[in-house]
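Written below as structure tokens is the structure these notes are about.
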Amino acid sequence: MEIRTITANGVDFAYLEMGRGPLALCLHGFPDTAHTWRHLLPELADRGYRAVAPFMRGYAPTSVPADGAYEGGALVADACALHEALGGDGDAVLIGHDWGAFPAYGAPAFAPERWRRAVAMAVPPPAAMISSFFLYEQLKRSFYVFLFQTPLAETAASQEGFFEGLWRDWSPGYDAARDVAEVRRSLADPANLTAAIGYYRAMLGAVPPTGRYTAEQAATGGDVPILYLHGEGDGCLDPDLAVAAPAFLPPGSRMERVPGAGHFLHLERPKEVNGLILDWLRG
């Protein structure tokens, strides 16, 4: 697929695209790229969507944002700005994995007129997991989150084997060589690597919020139904963290656990995950 570019919310976004029709915006997480949607994009296109997968802010070839903002509200603003720049309408759908799940929750709450349905994967609504996140076993899984608050983060993440280790731990048994190679290309420049780590620094407050996205940051709930998917073998976020998710999703939402899948469930079990997503979007 040809990589195209578009400017939205002051960021030059690179993106992959397939198909014509209502917008289906697919947002990746860490450590990943837009190529993570290679199984889903053609399926969405075949079902009559214009499927678009941008490289998230700071992930090359998307530009490093001049505003230095990586808080969740900035990602919500990006999703809504991309919707507008790409000519989306009220039939658009939003699909997000990992960090992409945050705007999948926030953007439909902030601008419900833009989105008909949404899908979030691998990260439950934050309010659903806060009580379990600090349990010892989960803290071990989340070591990198705390490492990324320190000045050692870039040195550690740039070492050979770091990204490979995360993918191996998070999705045991999956051959991530192609995906890690794409991540290495995307984050090869130190500025891009710092940008990707910046999401975590903003999350725990090591970098204060910019104050530009307070309304987007506060947007929760809403009425746009969300399908939440979590792999039963997720090595990043324990599937038990997702147990409370349905209570924090909008009315008409649904949660499904995917057997035989880890954190990158849409790559490990593409047929099953694509089927769940496409069935949901038909509703």
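For the structure tokens, the naming scheme is as follows: chains receive sequential letters (A, B, ...) according to their order of presentation, residues are indexed from 1 within each chain, and ligands are indexed from 1 in presentation order.
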
Write out as JSON lines a residue-level contact list of stretch 117-208 of chain A versus stretch 237-255 of chain A with cut-off 7 Å: for each qualifying residue the closest pair of atoms and the distance in Å to one decimal, counting only C-alpha atoms, rows sorted by chain and residue number upward.
```
{"residue": "A:Pro124", "atom": "CA", "partner": "A:Ala242", "partner_atom": "CA", "distance": 5.6}
{"residue": "A:Pro125", "atom": "CA", "partner": "A:Ala245", "partner_atom": "CA", "distance": 6.3}
{"residue": "A:Ala128", "atom": "CA", "partner": "A:Ala245", "partner_atom": "CA", "distance": 5.2}
{"residue": "A:Met129", "atom": "CA", "partner": "A:Leu241", "partner_atom": "CA", "distance": 5.1}
{"residue": "A:Ser132", "atom": "CA", "partner": "A:Leu241", "partner_atom": "CA", "distance": 6.2}
{"residue": "A:Gln138", "atom": "CA", "partner": "A:Asp238", "partner_atom": "CA", "distance": 6.8}
```

Output file for the residues above (N, CA and C atoms, as a short mmCIF file (atom, residue, chain, number, x, y, z; two decimals), in the first residue's frame):
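Writing the result to out34.cif gives the following:
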```cif
data_model
loop_
_atom_site.label_atom_id
_atom_site.label_comp_id
_atom_site.auth_asym_id
_atom_site.auth_seq_id
_atom_site.Cartn_x
_atom_site.Cartn_y
_atom_site.Cartn_z
N PRO A 124 -8.36 -1.88 28.44
CA PRO A 124 -9.72 -1.57 28.90
C PRO A 124 -9.85 -0.08 29.23
N PRO A 125 -11.08 0.40 29.40
CA PRO A 125 -11.24 1.78 29.89
C PRO A 125 -10.42 1.97 31.16
N ALA A 128 -11.73 1.08 34.52
CA ALA A 128 -12.05 -0.32 34.76
C ALA A 128 -10.87 -1.09 35.34
N MET A 129 -9.66 -0.60 35.12
CA MET A 129 -8.49 -1.39 35.53
C MET A 129 -7.65 -0.73 36.61
N SER A 132 -6.74 -2.73 39.79
CA SER A 132 -5.91 -3.92 39.64
C SER A 132 -4.55 -3.64 39.03
N GLN A 138 0.89 -7.47 37.93
CA GLN A 138 0.73 -6.52 36.82
C GLN A 138 1.86 -5.51 36.80
#
```

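Residues lying within 10 Å of A:Glu256, counting only C-alpha atoms and ignoring same-chain neighbours fewer than 2 positions away, are Met121, Leu227, Tyr228, Leu229, His230, Gly231, Glu232, Ala242, Pro246, Arg254, Val258, Pro259, Val273 and Leu276 of chain A.
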
Write down as a CSV table (one decimal) with N, CA and C atoms, in the first residue's frame the residues belonging to stretch 68-271 of chain A that are assigned helix (DSSP H, G or I) by DSSP computed on the backbone.
```
chain,number,residue,atom,x,y,z
A,72,GLY,N,-3.6,11.8,26.4
A,72,GLY,CA,-4.7,11.2,25.8
A,72,GLY,C,-5.6,12.1,25.0
A,73,GLY,N,-5.8,13.4,25.5
A,73,GLY,CA,-6.6,14.3,24.9
A,73,GLY,C,-6.1,14.7,23.5
A,74,ALA,N,-4.7,14.7,23.4
A,74,ALA,CA,-4.2,15.0,22.0
A,74,ALA,C,-4.5,14.0,21.0
A,75,LEU,N,-4.6,12.7,21.5
A,75,LEU,CA,-4.9,11.6,20.6
A,75,LEU,C,-6.4,11.7,20.2
A,76,VAL,N,-7.2,12.1,21.1
A,76,VAL,CA,-8.6,12.3,20.8
A,76,VAL,C,-8.8,13.4,19.7
A,77,ALA,N,-8.0,14.5,20.0
A,77,ALA,CA,-8.1,15.6,19.0
A,77,ALA,C,-7.6,15.2,17.6
A,78,ASP,N,-6.5,14.4,17.6
A,78,ASP,CA,-6.0,13.9,16.3
A,78,ASP,C,-7.0,13.1,15.6
A,79,ALA,N,-7.7,12.2,16.3
A,79,ALA,CA,-8.7,11.3,15.7
A,79,ALA,C,-9.8,12.2,15.0
A,80,CYS,N,-10.3,13.2,15.8
A,80,CYS,CA,-11.4,14.0,15.3
A,80,CYS,C,-10.9,14.9,14.1
A,81,ALA,N,-9.6,15.4,14.2
A,81,ALA,CA,-9.1,16.2,13.1
A,81,ALA,C,-8.9,15.3,11.9
A,82,LEU,N,-8.4,14.1,12.0
A,82,LEU,CA,-8.3,13.2,10.9
A,82,LEU,C,-9.6,12.9,10.3
A,83,HIS,N,-10.6,12.7,11.1
A,83,HIS,CA,-12.0,12.5,10.6
A,83,HIS,C,-12.4,13.7,9.7
A,84,GLU,N,-12.1,14.9,10.1
A,84,GLU,CA,-12.5,16.1,9.3
A,84,GLU,C,-11.6,16.2,8.0
A,85,ALA,N,-10.3,16.0,8.2
A,85,ALA,CA,-9.4,16.2,7.1
A,85,ALA,C,-9.7,15.1,6.0
A,98,ASP,N,-4.3,-0.8,21.8
A,98,ASP,CA,-3.3,-0.3,22.7
A,98,ASP,C,-3.4,1.2,22.9
A,99,TRP,N,-2.4,2.0,22.6
A,99,TRP,CA,-2.6,3.4,22.7
A,99,TRP,C,-3.8,3.9,21.8
A,100,GLY,N,-4.0,3.3,20.7
A,100,GLY,CA,-5.1,3.6,19.8
A,100,GLY,C,-6.5,3.4,20.5
A,101,ALA,N,-6.5,2.6,21.6
A,101,ALA,CA,-7.8,2.4,22.3
A,101,ALA,C,-8.2,3.7,23.0
A,102,PHE,N,-7.3,4.5,23.5
A,102,PHE,CA,-7.6,5.7,24.3
A,102,PHE,C,-8.5,6.6,23.4
A,103,PRO,N,-8.1,7.0,22.2
A,103,PRO,CA,-9.1,7.8,21.4
A,103,PRO,C,-10.3,7.0,21.0
A,104,ALA,N,-10.2,5.7,20.9
A,104,ALA,CA,-11.4,4.9,20.6
A,104,ALA,C,-12.5,5.1,21.7
A,105,TYR,N,-12.1,5.3,22.9
A,105,TYR,CA,-13.0,5.7,24.0
A,105,TYR,C,-13.4,7.1,24.0
A,106,GLY,N,-12.3,8.0,23.8
A,106,GLY,CA,-12.5,9.4,24.1
A,106,GLY,C,-13.2,10.2,22.9
A,107,ALA,N,-12.8,9.8,21.7
A,107,ALA,CA,-13.3,10.6,20.5
A,107,ALA,C,-14.8,10.5,20.3
A,108,PRO,N,-15.4,9.2,20.5
A,108,PRO,CA,-16.8,9.2,20.3
A,108,PRO,C,-17.6,9.9,21.5
A,109,ALA,N,-16.9,10.0,22.6
A,109,ALA,CA,-17.6,10.7,23.7
A,109,ALA,C,-17.4,12.2,23.5
A,110,PHE,N,-16.3,12.6,22.9
A,110,PHE,CA,-16.1,14.1,22.7
A,110,PHE,C,-16.9,14.6,21.5
A,112,PRO,N,-19.6,12.8,19.4
A,112,PRO,CA,-20.4,11.6,19.0
A,112,PRO,C,-21.0,11.7,17.6
A,113,GLU,N,-21.2,13.0,17.1
A,113,GLU,CA,-21.8,13.1,15.8
A,113,GLU,C,-20.8,12.6,14.7
A,114,ARG,N,-19.6,12.4,15.0
A,114,ARG,CA,-18.6,12.0,14.0
A,114,ARG,C,-18.5,10.4,13.8
A,126,PRO,N,-9.7,3.0,31.3
A,126,PRO,CA,-8.8,3.2,32.4
A,126,PRO,C,-9.5,3.0,33.8
A,127,ALA,N,-10.7,3.5,33.9
A,127,ALA,CA,-11.4,3.4,35.2
A,127,ALA,C,-11.7,2.0,35.5
A,128,ALA,N,-11.7,1.1,34.5
A,128,ALA,CA,-12.0,-0.3,34.8
A,128,ALA,C,-10.9,-1.1,35.3
A,129,MET,N,-9.7,-0.6,35.1
A,129,MET,CA,-8.5,-1.4,35.5
A,129,MET,C,-7.7,-0.7,36.6
A,130,ILE,N,-8.0,0.5,37.0
A,130,ILE,CA,-7.2,1.2,38.0
A,130,ILE,C,-6.9,0.5,39.3
A,131,SER,N,-8.0,-0.3,39.8
A,131,SER,CA,-7.8,-0.9,41.1
A,131,SER,C,-6.9,-2.1,41.0
A,132,SER,N,-6.7,-2.7,39.8
A,132,SER,CA,-5.9,-3.9,39.6
A,132,SER,C,-4.5,-3.6,39.0
A,133,PHE,N,-4.4,-2.5,38.5
A,133,PHE,CA,-3.1,-2.2,37.8
A,133,PHE,C,-1.9,-2.2,38.7
A,136,TYR,N,0.9,-6.7,42.3
A,136,TYR,CA,2.3,-7.0,42.0
A,136,TYR,C,2.6,-7.6,40.7
A,137,GLU,N,1.8,-8.6,40.3
A,137,GLU,CA,2.0,-9.3,39.1
A,137,GLU,C,1.9,-8.4,37.9
A,138,GLN,N,0.9,-7.5,37.9
A,138,GLN,CA,0.7,-6.5,36.8
A,138,GLN,C,1.9,-5.5,36.8
A,139,LEU,N,2.3,-5.1,38.0
A,139,LEU,CA,3.5,-4.2,38.0
A,139,LEU,C,4.7,-4.8,37.3
A,140,LYS,N,4.9,-6.1,37.5
A,140,LYS,CA,6.0,-6.7,36.8
A,140,LYS,C,5.8,-6.6,35.3
A,141,ARG,N,4.6,-6.9,34.8
A,141,ARG,CA,4.4,-6.8,33.4
A,141,ARG,C,4.6,-5.4,32.9
A,143,PHE,N,6.7,-3.0,33.8
A,143,PHE,CA,8.0,-2.4,34.2
A,143,PHE,C,8.4,-1.3,33.3
A,144,TYR,N,8.1,-1.5,32.0
A,144,TYR,CA,8.5,-0.5,31.0
A,144,TYR,C,7.9,0.8,31.1
A,145,VAL,N,6.6,0.8,31.6
A,145,VAL,CA,5.9,2.1,31.9
A,145,VAL,C,6.7,3.0,32.9
A,146,PHE,N,7.2,2.4,33.9
A,146,PHE,CA,8.0,3.1,34.9
A,146,PHE,C,9.4,3.4,34.5
A,147,LEU,N,10.0,2.5,33.7
A,147,LEU,CA,11.3,2.8,33.1
A,147,LEU,C,11.2,4.0,32.2
A,153,ALA,N,15.3,5.8,29.6
A,153,ALA,CA,14.3,5.2,28.7
A,153,ALA,C,14.8,5.0,27.3
A,154,GLU,N,15.3,6.1,26.7
A,154,GLU,CA,15.7,6.1,25.3
A,154,GLU,C,16.9,5.1,25.1
A,155,THR,N,17.8,5.1,26.1
A,155,THR,CA,19.0,4.2,26.0
A,155,THR,C,18.5,2.7,26.0
A,156,ALA,N,17.6,2.4,26.9
A,156,ALA,CA,17.1,1.0,27.1
A,156,ALA,C,16.3,0.6,25.8
A,157,ALA,N,15.4,1.5,25.4
A,157,ALA,CA,14.5,1.1,24.3
A,157,ALA,C,15.3,1.0,22.9
A,162,PHE,N,15.1,-5.1,22.7
A,162,PHE,CA,14.1,-4.5,23.7
A,162,PHE,C,12.7,-4.7,23.1
A,163,PHE,N,12.5,-4.2,21.9
A,163,PHE,CA,11.2,-4.3,21.3
A,163,PHE,C,10.8,-5.8,21.0
A,164,GLU,N,11.8,-6.6,20.6
A,164,GLU,CA,11.6,-8.0,20.4
A,164,GLU,C,11.1,-8.7,21.7
A,165,GLY,N,11.7,-8.3,22.8
A,165,GLY,CA,11.3,-8.8,24.1
A,165,GLY,C,9.9,-8.5,24.5
A,166,LEU,N,9.5,-7.3,24.3
A,166,LEU,CA,8.1,-6.9,24.6
A,166,LEU,C,7.1,-7.7,23.8
A,167,TRP,N,7.4,-7.8,22.5
A,167,TRP,CA,6.5,-8.5,21.6
A,167,TRP,C,6.4,-10.0,22.0
A,168,ARG,N,7.6,-10.6,22.4
A,168,ARG,CA,7.6,-12.0,22.8
A,168,ARG,C,6.9,-12.2,24.1
A,169,ASP,N,7.0,-11.3,25.0
A,169,ASP,CA,6.3,-11.4,26.3
A,169,ASP,C,4.8,-11.2,26.2
A,170,TRP,N,4.5,-10.2,25.3
A,170,TRP,CA,3.1,-9.8,25.2
A,170,TRP,C,2.2,-10.7,24.3
A,177,ALA,N,8.9,-10.7,13.8
A,177,ALA,CA,10.0,-10.2,13.1
A,177,ALA,C,9.6,-9.0,12.2
A,178,ARG,N,8.6,-9.2,11.4
A,178,ARG,CA,8.2,-8.2,10.4
A,178,ARG,C,7.7,-7.0,11.1
A,179,ASP,N,6.9,-7.1,12.2
A,179,ASP,CA,6.4,-6.0,12.9
A,179,ASP,C,7.5,-5.2,13.6
A,180,VAL,N,8.4,-5.9,14.2
A,180,VAL,CA,9.5,-5.2,14.9
A,180,VAL,C,10.4,-4.4,13.9
A,181,ALA,N,10.6,-5.0,12.8
A,181,ALA,CA,11.4,-4.3,11.8
A,181,ALA,C,10.7,-3.0,11.4
A,182,GLU,N,9.4,-3.0,11.2
A,182,GLU,CA,8.6,-1.8,10.9
A,182,GLU,C,8.8,-0.8,12.1
A,183,VAL,N,8.7,-1.2,13.3
A,183,VAL,CA,8.9,-0.4,14.5
A,183,VAL,C,10.3,0.3,14.5
A,184,ARG,N,11.3,-0.6,14.2
A,184,ARG,CA,12.6,-0.1,14.2
A,184,ARG,C,12.8,1.0,13.1
A,185,ARG,N,12.2,0.9,12.0
A,185,ARG,CA,12.3,1.9,10.9
A,185,ARG,C,11.6,3.2,11.4
A,186,SER,N,10.4,3.0,12.0
A,186,SER,CA,9.6,4.1,12.4
A,186,SER,C,10.3,5.0,13.5
A,190,PRO,N,16.2,9.4,16.9
A,190,PRO,CA,16.0,9.6,18.3
A,190,PRO,C,14.8,10.5,18.7
A,191,ALA,N,14.4,11.4,17.8
A,191,ALA,CA,13.3,12.3,18.1
A,191,ALA,C,12.0,11.5,18.0
A,192,ASN,N,11.9,10.5,17.1
A,192,ASN,CA,10.7,9.7,17.0
A,192,ASN,C,10.6,8.7,18.2
A,193,LEU,N,11.7,8.2,18.7
A,193,LEU,CA,11.7,7.3,19.8
A,193,LEU,C,11.3,8.0,21.1
A,194,THR,N,11.8,9.3,21.2
A,194,THR,CA,11.4,10.1,22.4
A,194,THR,C,9.9,10.4,22.3
A,195,ALA,N,9.4,10.6,21.1
A,195,ALA,CA,8.0,10.9,21.0
A,195,ALA,C,7.2,9.7,21.4
A,196,ALA,N,7.5,8.5,21.0
A,196,ALA,CA,6.8,7.3,21.4
A,196,ALA,C,6.8,7.1,22.9
A,197,ILE,N,8.0,7.3,23.5
A,197,ILE,CA,8.1,7.2,25.0
A,197,ILE,C,7.3,8.3,25.6
A,198,GLY,N,7.2,9.5,24.9
A,198,GLY,CA,6.4,10.6,25.5
A,198,GLY,C,5.0,10.3,25.9
A,199,TYR,N,4.4,9.4,25.2
A,199,TYR,CA,3.0,9.0,25.5
A,199,TYR,C,2.9,8.5,27.0
A,200,TYR,N,4.0,7.7,27.4
A,200,TYR,CA,4.0,7.2,28.8
A,200,TYR,C,4.4,8.3,29.8
A,201,ARG,N,5.3,9.1,29.4
A,201,ARG,CA,5.6,10.2,30.3
A,201,ARG,C,4.4,11.1,30.6
A,202,ALA,N,3.7,11.4,29.5
A,202,ALA,CA,2.4,12.2,29.7
A,202,ALA,C,1.4,11.4,30.6
A,203,MET,N,1.3,10.1,30.4
A,203,MET,CA,0.3,9.3,31.1
A,203,MET,C,0.5,9.4,32.6
A,214,THR,N,-7.8,20.0,27.2
A,214,THR,CA,-8.5,19.7,28.5
A,214,THR,C,-9.9,19.1,28.2
A,215,ALA,N,-10.6,19.6,27.3
A,215,ALA,CA,-12.0,19.1,27.0
A,215,ALA,C,-11.9,17.7,26.4
A,216,GLU,N,-11.0,17.5,25.5
A,216,GLU,CA,-10.8,16.1,24.9
A,216,GLU,C,-10.3,15.1,26.0
A,217,GLN,N,-9.5,15.6,26.9
A,217,GLN,CA,-8.9,14.7,27.9
A,217,GLN,C,-10.1,14.3,28.9
A,218,ALA,N,-11.0,15.2,29.1
A,218,ALA,CA,-12.1,14.9,30.1
A,218,ALA,C,-13.2,14.1,29.5
A,239,PRO,N,-5.6,-10.3,31.4
A,239,PRO,CA,-7.0,-10.3,31.0
A,239,PRO,C,-8.0,-10.1,32.1
A,240,ASP,N,-7.6,-10.4,33.3
A,240,ASP,CA,-8.5,-10.1,34.5
A,240,ASP,C,-8.7,-8.6,34.7
A,241,LEU,N,-7.8,-7.8,34.2
A,241,LEU,CA,-8.0,-6.3,34.3
A,241,LEU,C,-9.2,-5.9,33.5
A,242,ALA,N,-9.6,-6.7,32.5
A,242,ALA,CA,-10.7,-6.3,31.6
A,242,ALA,C,-12.1,-6.8,32.2
A,245,ALA,N,-14.6,-4.1,32.5
A,245,ALA,CA,-14.8,-3.2,31.4
A,245,ALA,C,-16.2,-2.9,31.0
A,246,PRO,N,-17.1,-3.9,30.9
A,246,PRO,CA,-18.5,-3.6,30.5
A,246,PRO,C,-19.2,-2.5,31.3
A,247,ALA,N,-18.8,-2.4,32.6
A,247,ALA,CA,-19.5,-1.4,33.4
A,247,ALA,C,-19.1,0.0,33.0
A,248,PHE,N,-18.0,0.1,32.3
A,248,PHE,CA,-17.5,1.5,32.0
A,248,PHE,C,-17.6,1.8,30.5
A,265,LEU,N,-3.7,-9.2,19.4
A,265,LEU,CA,-4.7,-10.2,19.0
A,265,LEU,C,-5.1,-10.1,17.5
A,266,HIS,N,-5.1,-8.9,16.9
A,266,HIS,CA,-5.5,-8.7,15.6
A,266,HIS,C,-4.5,-9.3,14.6
A,267,LEU,N,-3.3,-9.5,15.0
A,267,LEU,CA,-2.2,-10.1,14.2
A,267,LEU,C,-2.1,-11.6,14.4
A,268,GLU,N,-2.4,-12.0,15.7
A,268,GLU,CA,-2.3,-13.4,16.0
A,268,GLU,C,-3.5,-14.2,15.5
A,270,PRO,N,-6.2,-13.1,13.1
A,270,PRO,CA,-6.8,-12.1,12.3
A,270,PRO,C,-8.2,-12.5,11.8
A,271,LYS,N,-8.4,-13.8,11.5
A,271,LYS,CA,-9.7,-14.2,11.0
A,271,LYS,C,-10.8,-14.1,12.1
```

Closest of A:Arg38, A:Ala24, A:Ala51, A:Pro61 to A:Arg4 - atom-to-atom distances counting only C-alpha atoms: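 Looking only at the distances to A:Arg4, the closest residue turns out to be A:Pro61.
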
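If you look at atom CA of A:Leu25 and atom CA of A:Ala92, they are 7.7 Å away from each other.
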
Would you work out the distance separating atom CA of A:Ile95 from atom CA of A:Ala219, expressed in Å to one decimal?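 Computed distance, atom CA of A:Ile95 to atom CA of A:Ala219, equals 17.2 Å.
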
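What separates atom CA of A:Leu86 from atom CA of A:Gly68 is a distance of 23.3 Å.
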
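Candidate residues A:Gly58, A:Gly233, A:Gly221, A:Gly87 were compared for distance to A:Pro22, and the nearest is A:Gly87, using only C-alpha atoms.
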
Excluding A:Leu41 and any residue of its chain fewer than 4 positions from it, enumerate the residues within 7 Å of it, using only C-alpha atoms, and give them as number ranges by chain. A: 18, 37, 45, 51

Written selection (C-alpha atoms) as a short mmCIF file (atom, residue, chain, number, x, y, z; two decimals), in the first residue's frame:
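Output contents, as saved in out00.cif:
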```
data_model
loop_
_atom_site.label_atom_id
_atom_site.label_comp_id
_atom_site.auth_asym_id
_atom_site.auth_seq_id
_atom_site.Cartn_x
_atom_site.Cartn_y
_atom_site.Cartn_z
CA MET A 18 -7.72 1.03 1.08
CA TRP A 37 -3.68 -3.26 10.31
CA ALA A 45 -12.40 -2.14 2.11
CA ALA A 51 -10.08 2.11 5.63
#
```

Just asking: which residues within stretch 31-274 of chain A are strand (DSSP E or B) according to DSSP, as a list in words? Arg50, Ala51, Val52, Ala53, Pro54, Ala92, Val93, Leu94, Ile95, Gly96, His97, Trp115, Arg116, Arg117, Ala118, Val119, Ala120, Met121, Ile226, Leu227, Tyr228, Leu229, His230, Gly231, Arg254, Met255, Glu256, Arg257 and Val258 of chain A

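If you measure from each of A:Glu71, A:Ala176, A:Pro65, A:Gly19 to A:Pro209 using only C-alpha atoms, the closest one turns out to be A:Glu71.
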
Check the smallest atom-to-atom distance from each of A:Val123, A:Arg117, A:Leu278, A:Asp223 to A:Pro42 using only C-alpha atoms, then report the winner. A:Leu278

Given only C-alpha atoms as the counted atoms, nearest of A:Asp46, A:Glu160, A:Asp67, A:Asp32 to A:Asn9: A:Asp67
